[in-house]
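Structure file protein.pdb (PDB, C-alpha atoms and all ligand atoms) follows.
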```pdb
ATOM      1  CA  MET A 746      -8.024   3.005  -5.752
ATOM      2  CA  LEU A 747     -11.523   2.116  -6.868
ATOM      3  CA  LEU A 748     -14.310   0.261  -5.115
ATOM      4  CA  VAL A 749     -16.213  -1.423  -7.924
ATOM      5  CA  ASP A 750     -19.479  -3.348  -7.762
ATOM      6  CA  ASP A 751     -20.691  -5.129 -10.871
ATOM      7  CA  GLY A 752     -18.715  -2.802 -13.131
ATOM      8  CA  ARG A 753     -19.849   0.383 -11.360
ATOM      9  CA  VAL A 754     -17.382   2.552  -9.481
ATOM     10  CA  LEU A 755     -18.959   3.274  -6.084
ATOM     11  CA  ALA A 756     -16.040   5.046  -4.422
ATOM     12  CA  ALA A 757     -12.600   6.253  -5.460
ATOM     13  CA  LEU A 758      -9.505   7.945  -4.117
ATOM     14  CA  ASP A 759      -5.962   8.770  -5.125
ATOM     15  CA  ILE A 760      -2.901   7.896  -3.076
ATOM     16  CA  LEU A 761      -0.122  10.377  -3.738
ATOM     17  CA  PHE A 762       3.513   9.753  -2.869
ATOM     18  CA  LYS A 763       6.409  12.090  -2.175
ATOM     19  CA  GLU A 764       9.633  12.271  -0.232
ATOM     20  CA  ILE A 765       9.435  15.137   2.235
ATOM     21  CA  ALA A 766      12.003  16.827   4.449
ATOM     22  CA  HIS A 767      11.070  17.730   8.013
ATOM     23  CA  ALA A 768      13.201  18.649  11.031
ATOM     24  CA  ASP A 769      16.475  17.600   9.368
ATOM     25  CA  GLU A 770      15.185  14.199   8.253
ATOM     26  CA  ARG A 771      13.674  12.792   5.065
ATOM     27  CA  TYR A 772      10.534  10.653   4.969
ATOM     28  CA  GLU A 773       8.641   8.713   2.312
ATOM     29  CA  ALA A 774       5.150  10.131   2.654
ATOM     30  CA  GLY A 775       1.813   9.141   1.206
ATOM     31  CA  GLY A 776      -1.365  11.164   1.143
ATOM     32  CA  LEU A 777      -5.017  10.894   0.182
ATOM     33  CA  SER A 778      -6.660  13.002  -2.467
ATOM     34  CA  THR A 779     -10.001  13.172  -4.318
ATOM     35  CA  VAL A 780     -11.776  10.821  -1.899
ATOM     36  CA  VAL A 781     -15.333  10.418  -3.130
ATOM     37  CA  THR A 782     -18.297   8.073  -2.824
ATOM     38  CA  ARG A 783     -21.024   8.082  -5.470
ATOM     39  CA  ARG A 784     -23.801  10.294  -4.107
ATOM     40  CA  GLU A 785     -26.487   7.622  -3.928
ATOM     41  CA  SER A 786     -24.102   5.177  -2.239
ATOM     42  CA  ARG A 787     -23.032   7.441   0.618
ATOM     43  CA  GLY A 788     -23.606   6.543   4.256
ATOM     44  CA  HIS A 789     -23.035   2.799   3.842
ATOM     45  CA  GLY A 790     -19.421   2.585   4.965
ATOM     46  CA  LEU A 791     -17.936   2.420   1.450
ATOM     47  CA  GLY A 792     -15.805   5.537   1.829
ATOM     48  CA  ARG A 793     -14.447   4.214   5.101
ATOM     49  CA  ARG A 794     -13.627   0.821   3.528
ATOM     50  CA  LEU A 795     -11.608   2.484   0.799
ATOM     51  CA  VAL A 796      -9.813   4.880   3.159
ATOM     52  CA  VAL A 797      -8.927   1.939   5.460
ATOM     53  CA  ALA A 798      -7.575   0.058   2.419
ATOM     54  CA  ALA A 799      -5.519   3.077   1.381
ATOM     55  CA  ARG A 800      -3.901   3.209   4.825
ATOM     56  CA  GLU A 801      -3.070  -0.512   4.600
ATOM     57  CA  THR A 802      -1.610   0.014   1.117
ATOM     58  CA  MET A 803       0.649   2.773   2.406
ATOM     59  CA  MET A 804       1.908   0.448   5.145
ATOM     60  CA  GLU A 805       2.454  -2.399   2.660
ATOM     61  CA  ARG A 806       4.489  -0.032   0.500
ATOM     62  CA  LYS A 807       6.695   0.619   3.531
ATOM     63  CA  LEU A 808       6.072   4.354   3.583
ATOM     64  CA  ASP A 809       7.282   6.190   6.658
ATOM     65  CA  LEU A 810       4.043   8.047   7.170
ATOM     66  CA  GLY A 811       0.736   9.175   5.755
ATOM     67  CA  LEU A 812      -0.161  12.877   5.745
ATOM     68  CA  PHE A 813      -3.035  14.832   4.258
ATOM     69  CA  THR A 814      -5.522  17.572   5.025
ATOM     70  CA  CYS A 815      -9.293  17.545   5.031
ATOM     71  CA  ASP A 816     -12.096  19.986   5.714
ATOM     72  CA  SER A 817     -12.597  19.925   9.474
ATOM     73  CA  PRO A 818     -16.138  18.410   9.383
ATOM     74  CA  LEU A 819     -14.611  15.304   7.776
ATOM     75  CA  GLN A 820     -12.160  14.710  10.634
ATOM     76  CA  VAL A 821     -14.540  12.139  12.191
ATOM     77  CA  PHE A 822     -14.869  10.305   8.883
ATOM     78  CA  TYR A 823     -11.094   9.861   8.568
ATOM     79  CA  GLU A 824     -10.747   9.034  12.271
ATOM     80  CA  SER A 825     -13.309   6.272  11.803
ATOM     81  CA  ALA A 826     -10.948   4.838   9.168
ATOM     82  CA  GLY A 827      -7.927   4.769  11.484
ATOM     83  CA  TRP A 828      -6.329   8.149  10.768
ATOM     84  CA  ARG A 829      -5.443  10.641  13.493
ATOM     85  CA  VAL A 830      -5.388  14.413  13.764
ATOM     86  CA  LEU A 831      -1.940  15.949  14.014
ATOM     87  CA  PRO A 832      -2.761  18.805  16.380
ATOM     88  CA  GLY A 833      -1.455  22.164  15.279
ATOM     89  CA  ALA A 834       0.157  20.775  12.118
ATOM     90  CA  VAL A 835      -0.087  22.787   8.905
ATOM     91  CA  LEU A 836       0.766  21.283   5.508
ATOM     92  CA  ILE A 837       2.407  23.607   3.019
ATOM     93  CA  GLY A 838       1.591  22.538  -0.510
ATOM     94  CA  GLY A 839       2.354  24.282  -3.790
ATOM     95  CA  THR A 840       6.015  25.039  -4.383
ATOM     96  CA  PRO A 841       8.681  26.831  -2.326
ATOM     97  CA  GLN A 842       8.250  29.779  -4.743
ATOM     98  CA  ALA A 843       4.437  29.689  -4.550
ATOM     99  CA  PRO A 844       3.506  28.017  -1.249
ATOM    100  CA  PHE A 845      -0.073  26.864  -0.685
ATOM    101  CA  PRO A 846      -0.581  26.382   3.072
ATOM    102  CA  SER A 847      -3.509  24.557   4.630
ATOM    103  CA  ASP A 848      -4.123  27.396   7.121
ATOM    104  CA  GLN A 849      -4.634  30.114   4.517
ATOM    105  CA  SER A 850      -7.550  32.476   4.955
ATOM    106  CA  GLY A 851     -10.880  30.936   3.932
ATOM    107  CA  PHE A 852      -9.712  27.371   4.632
ATOM    108  CA  ASP A 853     -10.998  25.347   7.575
ATOM    109  CA  LYS A 854      -8.686  22.352   7.374
ATOM    110  CA  VAL A 855      -7.186  19.854   9.767
ATOM    111  CA  THR A 856      -4.083  17.801   9.123
ATOM    112  CA  MET A 857      -4.542  14.052   9.438
ATOM    113  CA  GLY A 858      -1.854  11.415   9.447
ATOM    114  CA  ASP A 859      -0.331   8.261  10.788
ATOM    115  CA  PHE A 860       3.210   7.126  11.493
ATOM    116  CA  PHE A 861       4.177   3.728  10.117
ATOM    117  CA  SER A 862       7.949   3.241  10.254
ATOM    118  CA  PRO A 863       9.989   3.217  13.489
ATOM    119  CA  LYS A 864      11.820   6.330  12.240
ATOM    120  CA  ALA A 865       8.547   8.184  11.742
ATOM    121  CA  ARG A 866       7.036   6.946  15.006
ATOM    122  CA  GLN A 867      10.046   8.257  16.887
ATOM    123  CA  ALA A 868       9.654  11.668  15.233
ATOM    124  CA  GLU A 869       5.894  11.939  15.757
ATOM    125  CA  ALA A 870       6.127  14.813  18.246
ATOM    126  CA  LEU A 871       8.112  16.859  15.717
ATOM    127  CA  PHE A 872       5.141  16.850  13.356
ATOM    128  CA  ARG A 873       2.719  18.289  15.918
ATOM    129  CA  ASP A 874       2.347  22.080  16.107
ATOM    130  CA  SER A 875       4.603  22.435  13.106
ATOM    131  CA  ARG A 876       4.560  23.648   9.527
ATOM    132  CA  ILE A 877       5.337  20.715   7.249
ATOM    133  CA  GLY A 878       6.835  21.459   3.833
ATOM    134  CA  LEU A 879       4.977  19.072   1.536
ATOM    135  CA  TYR A 880       5.545  21.105  -1.638
ATOM    136  CA  SER A 881       3.400  18.851  -3.735
ATOM    137  CA  GLY A 882       3.636  21.114  -6.780
ATOM    138  CA  GLU A 883       1.210  23.002  -9.005
ATOM    139  CA  ILE A 884      -1.169  20.162  -9.934
ATOM    140  CA  ASP A 885      -2.031  18.401  -6.660
ATOM    141  CA  LYS A 886      -1.378  21.657  -4.832
ATOM    142  CA  LEU A 887      -2.330  20.275  -1.436
ATOM    143  CA  TRP A 888      -3.054  16.758  -0.205
TER     144      TRP A 888
HETATM  145  C1  LIG A 901     -16.819  12.133   2.482
HETATM  146  C2  LIG A 901     -17.333  10.919   1.716
HETATM  147  C3  LIG A 901     -16.228  10.345   0.834
HETATM  148  C4  LIG A 901     -17.792   9.875   2.761
HETATM  149  O1  LIG A 901     -18.137   8.686   2.062
HETATM  150  P1  LIG A 901     -19.218   7.644   2.626
HETATM  151  O2  LIG A 901     -19.084   6.402   1.815
HETATM  152  O3  LIG A 901     -20.555   8.275   2.684
HETATM  153  O4  LIG A 901     -18.697   7.456   4.121
HETATM  154  P2  LIG A 901     -18.986   6.239   5.103
HETATM  155  O5  LIG A 901     -20.399   5.765   4.886
HETATM  156  O6  LIG A 901     -17.901   5.239   4.955
HETATM  157  O7  LIG A 901     -18.864   6.965   6.510
HETATM  158  C5  LIG A 901     -17.989   6.550   7.518
HETATM  159  C6  LIG A 901     -18.259   7.377   8.759
HETATM  160  O8  LIG A 901     -17.963   8.755   8.520
HETATM  161  C7  LIG A 901     -19.077   9.592   8.763
HETATM  162  N1  LIG A 901     -19.204  10.589   7.696
HETATM  163  C8  LIG A 901     -19.292  10.338   6.378
HETATM  164  N2  LIG A 901     -19.381  11.495   5.687
HETATM  165  C9  LIG A 901     -19.360  12.481   6.606
HETATM  166  C10 LIG A 901     -19.432  13.907   6.496
HETATM  167  N3  LIG A 901     -19.562  14.521   5.322
HETATM  168  N4  LIG A 901     -19.359  14.604   7.639
HETATM  169  C11 LIG A 901     -19.239  13.985   8.846
HETATM  170  N5  LIG A 901     -19.170  12.630   8.999
HETATM  171  C12 LIG A 901     -19.245  11.911   7.879
HETATM  172  C13 LIG A 901     -20.277   8.649   8.676
HETATM  173  O9  LIG A 901     -21.322   9.130   9.491
HETATM  174  C14 LIG A 901     -19.728   7.342   9.166
HETATM  175  O10 LIG A 901     -19.758   7.252  10.570
HETATM  176  P3  LIG A 901     -20.654   6.113  11.302
HETATM  177  O11 LIG A 901     -20.114   4.793  10.836
HETATM  178  O12 LIG A 901     -20.430   6.392  12.745
HETATM  179  O13 LIG A 901     -22.035   6.356  10.827
HETATM  180  C15 LIG A 901     -18.586  11.286   0.860
HETATM  181  O14 LIG A 901     -19.521  11.957   1.674
HETATM  182  C16 LIG A 901     -18.263  12.162  -0.347
HETATM  183  O15 LIG A 901     -17.976  11.646  -1.433
HETATM  184  N6  LIG A 901     -18.331  13.501  -0.176
HETATM  185  C17 LIG A 901     -18.039  14.444  -1.255
HETATM  186  C18 LIG A 901     -16.555  14.517  -1.564
HETATM  187  C19 LIG A 901     -15.717  14.889  -0.365
HETATM  188  O16 LIG A 901     -16.061  15.770   0.418
HETATM  189  N7  LIG A 901     -14.584  14.192  -0.227
HETATM  190  C20 LIG A 901     -13.636  14.419   0.837
HETATM  191  C21 LIG A 901     -12.487  15.228   0.334
HETATM  192  S1  LIG A 901     -11.343  15.552   1.683
END
```
Please express the file's structure as structure tokens.
Amino acid sequence: MLLVDDGRVLAALDILFKEIAHADERYEAGGLSTVVTRRESRGHGLGRRLVVAARETMMERKLDLGLFTCDSPLQVFYESAGWRVLPGAVLIGGTPQAPFPSDQSGFDKVTMGDFFSPKARQAEALFRDSRIGLYSGEIDKLW
């Protein structure tokens, strides 16, 4: 998604999609990646506008849930755009053979998310304090 003004990209992000398995159930998940606002345009609410729009897009696409990690100082930024912290949740990216967890040494990440479908809302508690196998592969190693 791009936020464009007069032909100039002011902010951008990627929405990534994947079916995940968690606690004996499968979910259509979406996540945010490469969220960025042009340096000179930061602090004017543009990042938030785009992240809010991404959440709405995930709901329109009838995903079960949104899930992604961010550096912990950015938790308030994502919360201001409607996302919530999943306390104690760790996302495991990479592959089953070469896992890339969000709690590895040197990382200071929190897992953010939201539950859209009734199935996901019912299972919300199962995502807290849990390790979630995202296995997003070798390119977008972790959302
Ligand atoms: C993070 C980033 C996308 C925020 O974009 P932005 O357009 O400046 O954000 P907004 O103006 O919409 O900010 C929304 C709210 O989040 C807060 N916020 C924004 N960036 C923040 C940061 N780095 N740390 C803490 N809070 C931040 C703002 O203070 C604002 O709150 P307020 O309305 O109460 O003032 C931008 O700083 C950026 O591109 N950073 C470099 C890339 C990056 O770190 N991306 C995130 C990858 S997970």
| said: Env of region 782-789 of chain A: 9 Å cut, atoms = only C-alpha atoms, seq-sep filter 6 positions within chain, self excluded. Answer as an NGL selection string. | reply: :A and (754-758)
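Closest approach to Ala766 (chain A) among A:Arg829, A:Thr856, A:Ile837, A:Phe845: A:Ile837, based on only C-alpha atoms.
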Report task. Measuring atom to atom with only C-alpha atoms and all ligand atoms, identify which of A:Asp751, A:Glu764, A:Val821, A:Glu883 is nearest to ligand LIG 901 (chain A). Result ->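 Between A:Asp751, A:Glu764, A:Val821, A:Glu883, the residue approaching ligand LIG 901 (chain A) most closely is A:Val821.
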_To check your reading of the model: which residues sit at most 12 Å from ligand LIG 901 (chain A) when counting only C-alpha atoms and all ligand atoms? Write the answer as a PyMOL selection string._
chain A and resi 748+755-759+776-798+813-828+853-857+887-888
Correct to one decimal, the distance CA of Pro832 (chain A)-CA of Ile884 (chain A) is 26.4 Å
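Ranking A:Tyr880, A:Phe860, A:Phe762, A:Phe872 by their shortest atom-to-atom distance to Thr840 (chain A), with all atoms listed in the file included, puts A:Tyr880 first.
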TODO: Choose the residue, out of A:Pro844, A:Gly878, A:Gly811, A:Gly838, that has the smallest atom-to-atom separation from Ser862 (chain A); count all atoms listed in the file.
DONE: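 Closest to Ser862 (chain A), using all atoms listed in the file: A:Gly811.
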One-decimal distance in Å that lies between CA of Ile760 (chain A) and CA of Lys886 (chain A)
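These two atoms are separated by 14.0 Å.
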Exercise for review: Report the residues retrieved by the PyMOL selection byres (((chain A and resi 804) around 12) and not hetatm) from the displayed file, expressed as a list in words.
Suggested key: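 Checking the PyMOL selection byres (((chain A and resi 804) around 12) and not hetatm) against this file, the residues are Glu773, Ala774, Gly775, Gly776, Val797, Ala798, Ala799, Arg800, Glu801, Thr802, Met803, Glu805, Arg806, Lys807, Leu808, Asp809, Leu810, Gly811, Asp859, Phe860, Phe861, Ser862 and Pro863 of chain A.
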